[in-house]
Amino acid sequence: MIGAVGLFAVATLVGCGQADAASHAIIKREGPKVGGSITINASPHGPWADVFNPYSPGENQDDIVPDIYEPLVQWNGANGDAKAWLAQSWGWSNNNTVLTLHLRKGVTWSNGKPFTSADVVFTYDMLKQYPAIDGNALWTYMKSISAEGPDTVKVVLNKPNSTFFYYFSGTLIVPEFQFKGVNPVKFTDSHPIGTGPYMLQSFNSQQIALVRNPHYWQAPMPYLENVYYPSETSNESTILGLATGQIDWSTIFSPSLQTSFVNKDPKAYHISTESGGFDALYLNVHHYPLTIPAVRQALSLALNRQALSVIGESGYSNPSALNGVNNSMVANWSTPALQARYASKFAPAQAKQMLFKAGFKMKNGVMMTPKGQPFTLTMDVPAPFSDFVTMSSQIKQMLGAIGIQVNEESTSANEYLTRLETGDFQTGISWTPSGPNPFYTQNGLMNSAYAGPMGESASGLNYMRFSDPQVQTLASEFYATENVATQKQIIAKLGAILATQLPVIPLLNRNTPIEYSSKTIAGWPTAANPYWNLSADVGPIVVLTHLYQK
Amino acid sequence: MYILKRIGFYLSIFWAAITLNFILPRLMPGNAASAIMARAQGQMNPQALKALELAFGVNTSASMWQQYWSYLGNTLTGHFGVSFTYFPEPVTEVIGSTLPWTLFLIGVATIVSFVLGTGIGMFAAWRRGTAIADALPVGFTLIASMPYFWVALALLYVFGFSLGWFPIAHSFNVSQPLGFNFSSLGDIFYYAALPILSIVVTSIGGWTLGMRNNLVSILSEDYITLAHMKGLPEREVMVNYGARNAMLPQITSFAMSLGFVVGGAILTEIVFSYPGIGYALYQAVTNSDYPLMQAIFLIIVTAVLLANLLVDILYSRLDPRVTHS
């Protein structure tokens, strides 16, 4: 029974690989030649550091390292699909506690040495030895990992956990012969050797150049000979680079991309979006009167999400539903009926009625709590994030319209996040956790395992320290099953809790704009052939390996 | 004796500055690990916070005093540690790759605006009363009063983007490696032209006005009248009697601003994507990157204090009245 379920899960996941073979065939018939180059600035990070170690703390080189090192599975952020990569197939057994992976044969490192299960086992054992680089806390789930032959790896978990595979399989595999005996926290790895489509050609603090790996396992891909990564210090300089054609691909937010980018060459310049979680208004549920669920629901009714989307996010991020299901995931994980039931509404009159029913009174245009105090809230605003700054001031106005006074406190990004983490806030806008399905968002927000004591950093995004025993039960049920139908039911129940309790108020589906140019480069995913999402910074090599010079 | 007293004074200021340098960053809430999580904007697993804190070694149990003494020791022996923003690049490497660009860019810009500004100021005072000579200081002061980043962005947009006469980013042509040859040198100046222009245009007003006003007030002195009466040509009076005295305050201001060159012009570096130390400092501050912040502040403090000391010595040579007071 369990084996069949495991196979079913495998079939759904591997099925995506077969769809890709079809689009491979389309590209092959057009016969792209090898050559040409692309210039990418996924987002401005400032000058580059000569560090290519994928486990180095910080994210200075996170855009580039995935071109050189590869994971076992690639995950499509747009719809949560998985694509077999260095692992060709996998399956669960023994009550979902044993994961067996069959690695792809014929893969070599860029110096010609063969890629084997020893490298995979070494990489994960390295994370165990150095918890400072185990950013996904994999070893809290894992008991052991071992090689069962040159292309088979066996992982044993402490207990079944259906969210483990996502975090586990996205880890980049490094070669044992290079990382053995070094401290991976401090190792700079200036001469990286990976299995990926590109190798390091030259380093300069202002530009990193990569060159095609001729031994890549997906021959004849990649087609582009060089990939250039110039360093940029601000969104404005990246936009100017895009508009002058010096940069071909980016993933940055800018208020008016139509005028500053697309209109400069409408035939070649395109915009797409990458979705991931939500922009949400976090509420400290331990602070009176936010302790009352009806008050939180009333706040949600008072917000005009359409205005927030248009003015705050220039229309890229659209209004979201309240149940934690991003609209890119509705097709696979929810139903239109459910989404309609938990849709967000803008109804300030109804909001006022709800507050009156909860014992609030309006006095001289100021909403008074049942305790007789004026209803005021403090909102933390991170000064560098211009979209949050705009949305915060709009929310202040919208709540002011129903008599709630909001005081904004503008701080640095670092201080704003620290306040959220330690629970030292009343309200504040932030992003939410996300993953291949809505459970990662719902569970990440409401599970008390992601909270921690007030005053210390939260271990996850449950900043408001929300706890509900129903959530804990549903979460353990989800962890224990790989059955998609069961998971969908649990997601529906968690969605109901999120939409009625509203410990955070989901505002907008968080869509980051993506800019790309087809002036000299073809092979992009299109509406007719959406083989992958277009993000330049998360899993870009799926698209990058398909691109070719026109 | 005078110089020894000044040196002693500066050493005590230096000690106070590096102590403040230690205290102030630690008063800011948040640490390097949460700064990186904030920058990632939700793309990193929230569990990574603990791992990052382990990697950076923040949240240690050492007391403030212990940390202070090891900080003092490290500072005076040159052990600046590893930067958190560019982990695990040593701080000295980060500074080594950014400081030369800043010294070049801001140094050249300061010298050019000083020379041009003083020259224009002299001209404005000499020919005061005529239309051009009166309009020049006013015009440049007007530009200087505009916000710097606006002027820089306007120059970048017009000359770099619309007209395409100058490059829009970086400090040299990144597809050709730098070498000790003329084409590299030409490249460096070509890429620095627009940033230097933006700084010169906005700061020349200050020099011009200062020089003009000094010179105008000196021209009413008795020894100028005497020089005229002696029958010396106008040019000789202007340069040898007038400008030489008017230059004294200008030179002290110039020496002071040379000290501030190492602070970098952060706005210039952001607008033109120029790899200087100002941007590194900005990143260090927003990321709670204590090692990098401390090292850069140390350099700025040393440069400013050295510039002050230089000015004191210089002034005592130029104007002997100071040492006898």
# chains A, B, ... in the order shown; residues from 1 in each chain; ligands from 1
>>> residues_around(residues="Leu498 of chain A", least_positions_apart="6", cutoff="12 Å", atoms="only C-alpha atoms", output="CSV table (one decimal) with C-alpha atoms, in the first residue's frame")
chain,number,residue,atom,x,y,z
A,293,PRO,CA,-10.3,37.1,16.2
A,296,ARG,CA,-8.4,40.8,13.1
A,297,GLN,CA,-11.2,39.9,10.6
A,321,ALA,CA,-7.3,35.0,-0.9
A,322,LEU,CA,-7.2,34.6,2.9
A,323,ASN,CA,-6.4,30.9,3.1
A,324,GLY,CA,-2.7,30.9,2.2
A,325,VAL,CA,-3.1,29.4,-1.3
A,342,TYR,CA,-12.1,32.5,1.4
A,438,PRO,CA,0.4,25.9,0.2
A,439,PHE,CA,1.2,23.8,3.3
A,441,THR,CA,3.0,28.8,3.9
A,442,GLN,CA,0.1,27.8,6.2
A,443,ASN,CA,2.2,25.6,8.4
A,444,GLY,CA,5.2,28.0,8.4
A,445,LEU,CA,2.9,30.8,9.7
A,446,MET,CA,0.8,28.9,12.3
A,447,ASN,CA,2.8,26.0,13.6
A,466,PHE,CA,0.3,31.9,17.3
A,467,SER,CA,-0.7,28.5,18.6
A,468,ASP,CA,-3.7,26.3,17.9
A,470,GLN,CA,-5.8,21.9,15.6
A,471,VAL,CA,-2.9,23.2,13.6
A,491,ILE,CA,-4.4,22.1,3.2
A,492,ALA,CA,-8.1,22.9,2.8
A,504,VAL,CA,-1.5,37.3,9.7
A,505,ILE,CA,-3.7,39.1,7.2
A,506,PRO,CA,-2.6,38.0,3.7
>>> residues_around(residues="Val174 of chain B", least_positions_apart="3", cutoff="7 Å", atoms="only C-alpha atoms", output="list in words")
Gln206 and Gln207 of chain A; Pro177 of chain B
>>> residues_around(residues="segment 210-212 of chain B", least_positions_apart="3", cutoff="8 Å", atoms="only C-alpha atoms", output="VMD selection string")
chain B and resid 117 to 118 121 to 125 206 to 207 215 to 216 246 to 247 250
>>> select_by_dssp(residues="segment 251-287 of chain A", states="strand (DSSP E or B)", output="list in words")
Tyr269, His270, Ile271, Ser272, Thr273, Glu274, Ser275, Gly276, Gly277, Phe278, Asp279, Ala280, Leu281, Tyr282 and Leu283 of chain A
>>> residues_around(residues="Leu290 of chain A", least_positions_apart="5", cutoff="10 Å", atoms="only C-alpha atoms", output="ChimeraX atom specification")
/A:283-285,295-297,299,377,426-427,503
>>> select_by_dssp(residues="segment 233-427 of chain A", states="alpha helix (DSSP H)", output="PyMOL selection string")
chain A and resi 235-243+257-260+293-301+305-307+330-333+336-341+348-357+386-400+413-421
>>> interface_residues(of="chain A", to="chain B", cutoff="7 Å", atoms="only C-alpha atoms", output="ChimeraX atom specification")
/A:47,49,56-58,60,131-137,185-186,188,206-207,232-234,237,413-415,417-418,431-433,459-461
>>> write_last_selection(atoms="C-alpha atoms", output="PDB file, in the first residue's frame")
ATOM      1  CA  PRO A  47      30.846  44.098  -5.841  1.00  0.00           C
ATOM      2  CA  ALA A  49      33.556  38.438  -3.522  1.00  0.00           C
ATOM      3  CA  SER A  56      29.403  30.076   2.420  1.00  0.00           C
ATOM      4  CA  PRO A  57      27.130  32.124   4.689  1.00  0.00           C
ATOM      5  CA  GLY A  58      25.672  35.167   3.079  1.00  0.00           C
ATOM      6  CA  ASN A  60      26.675  37.386  -2.305  1.00  0.00           C
ATOM      7  CA  PRO A 131      25.680  22.666  11.642  1.00  0.00           C
ATOM      8  CA  ALA A 132      26.684  26.226  10.741  1.00  0.00           C
ATOM      9  CA  ILE A 133      26.043  25.391   7.072  1.00  0.00           C
ATOM     10  CA  ASP A 134      22.960  23.202   7.556  1.00  0.00           C
ATOM     11  CA  GLY A 135      20.645  26.101   6.696  1.00  0.00           C
ATOM     12  CA  ASN A 136      17.629  23.804   6.204  1.00  0.00           C
ATOM     13  CA  ALA A 137      18.255  21.891   9.436  1.00  0.00           C
ATOM     14  CA  VAL A 185      32.251  27.572   6.536  1.00  0.00           C
ATOM     15  CA  LYS A 186      35.494  29.378   5.737  1.00  0.00           C
ATOM     16  CA  THR A 188      36.440  30.296  -0.361  1.00  0.00           C
ATOM     17  CA  GLN A 206      32.940  44.021 -11.117  1.00  0.00           C
ATOM     18  CA  GLN A 207      32.166  41.079 -13.377  1.00  0.00           C
ATOM     19  CA  GLU A 232      25.425  46.423  -9.875  1.00  0.00           C
ATOM     20  CA  THR A 233      24.818  48.530  -6.800  1.00  0.00           C
ATOM     21  CA  SER A 234      21.249  49.671  -7.286  1.00  0.00           C
ATOM     22  CA  SER A 237      21.698  50.931 -12.674  1.00  0.00           C
ATOM     23  CA  ALA A 413      15.742  46.487   7.353  1.00  0.00           C
ATOM     24  CA  ASN A 414      17.878  44.715   9.933  1.00  0.00           C
ATOM     25  CA  GLU A 415      16.116  46.274  12.933  1.00  0.00           C
ATOM     26  CA  LEU A 417      13.363  42.006  10.943  1.00  0.00           C
ATOM     27  CA  THR A 418      14.868  41.688  14.417  1.00  0.00           C
ATOM     28  CA  TRP A 431       6.754  38.240   3.275  1.00  0.00           C
ATOM     29  CA  THR A 432       5.588  34.714   4.204  1.00  0.00           C
ATOM     30  CA  PRO A 433       7.263  31.325   3.963  1.00  0.00           C
ATOM     31  CA  SER A 459      12.884  29.700  14.742  1.00  0.00           C
ATOM     32  CA  GLY A 460      10.604  30.360  11.784  1.00  0.00           C
ATOM     33  CA  LEU A 461       8.063  32.888  10.598  1.00  0.00           C
TER      34      LEU A 461
END
>>> residues_around(residues="Ile199 of chain B", least_positions_apart="5", cutoff="8 Å", atoms="only C-alpha atoms", output="ChimeraX atom specification")
/B:109,152,268
>>> closest_residue(among="B:Met293, B:Ala131, B:Val237, B:Leu318", to="Ile23 of chain B", atoms="only C-alpha atoms")
B:Met293
>>> closest_residue(among="B:Pro320, B:Pro25, B:Gly78, B:Gly8", to="Leu248 of chain B", atoms="only C-alpha atoms")
B:Pro320
>>> closest_residue(among="B:Val108, B:Gln176, B:Arg26, B:Phe166", to="Ala209 of chain A", atoms="only C-alpha atoms")
B:Gln176
>>> closest_residue(among="A:Phe425, A:Trp524, A:Tyr55, A:Phe122", to="Tyr282 of chain A", atoms="only C-alpha atoms")
A:Phe425
>>> closest_residue(among="A:Gly31, A:Gly403, A:Pro44, A:Gly312", to="Ile239 of chain A", atoms="only C-alpha atoms")
A:Pro44
>>> closest_residue(among="A:Asp62, A:Gly315, A:Asn304, A:Arg419", to="Met398 of chain A", atoms="only C-alpha atoms")
A:Asn304
>>> atom_distance(atom1="atom CA of Ser476 of chain A", atom2="atom CA of Asn161 of chain A")
8.3 Å
>>> atom_distance(atom1="atom CA of Val542 of chain A", atom2="atom CA of Tyr141 of chain A")
28.4 Å
>>> atom_distance(atom1="atom CA of Val182 of chain A", atom2="atom CA of Ile145 of chain A")
20.6 Å
>>> residues_around(residues="Trp139 of chain A", least_positions_apart="6", cutoff="9 Å", atoms="only C-alpha atoms", output="MDAnalysis selection string")
chainID A and resid 124 127:128 131 157
>>> write_last_selection(atoms="N, CA and C atoms", output="PDB file, in the first residue's frame")
ATOM      1  N   TYR A 124      26.128  15.581   2.256  1.00  0.00           N
ATOM      2  CA  TYR A 124      25.189  15.637   3.376  1.00  0.00           C
ATOM      3  C   TYR A 124      25.873  15.357   4.703  1.00  0.00           C
ATOM      4  N   LEU A 127      27.194  18.520   6.055  1.00  0.00           N
ATOM      5  CA  LEU A 127      26.218  19.353   6.735  1.00  0.00           C
ATOM      6  C   LEU A 127      26.034  18.890   8.176  1.00  0.00           C
ATOM      7  N   LYS A 128      26.180  17.580   8.389  1.00  0.00           N
ATOM      8  CA  LYS A 128      26.022  17.082   9.752  1.00  0.00           C
ATOM      9  C   LYS A 128      27.201  17.518  10.613  1.00  0.00           C
ATOM     10  N   PRO A 131      27.048  22.142  11.582  1.00  0.00           N
ATOM     11  CA  PRO A 131      25.680  22.666  11.642  1.00  0.00           C
ATOM     12  C   PRO A 131      25.592  24.113  11.176  1.00  0.00           C
ATOM     13  N   LEU A 157      15.189   8.428   7.737  1.00  0.00           N
ATOM     14  CA  LEU A 157      14.687   9.515   8.570  1.00  0.00           C
ATOM     15  C   LEU A 157      14.331   9.006   9.959  1.00  0.00           C
TER      16      LEU A 157
END
>>> residues_around(residues="Lys371 of chain A", least_positions_apart="2", cutoff="9 Å", atoms="only C-alpha atoms", output="ChimeraX atom specification")
/A:359-360,368-369,373-374
>>> write_last_selection(atoms="C-alpha atoms", output="PDB file, in the first residue's frame")
ATOM      1  CA  GLY A 359     -17.978  45.859  21.975  1.00  0.00           C
ATOM      2  CA  PHE A 360     -16.165  48.729  20.271  1.00  0.00           C
ATOM      3  CA  MET A 368     -12.671  53.033  21.182  1.00  0.00           C
ATOM      4  CA  THR A 369     -11.943  49.551  22.508  1.00  0.00           C
ATOM      5  CA  GLN A 373      -9.162  53.270  25.219  1.00  0.00           C
ATOM      6  CA  PRO A 374      -8.692  54.661  21.688  1.00  0.00           C
TER       7      PRO A 374
END
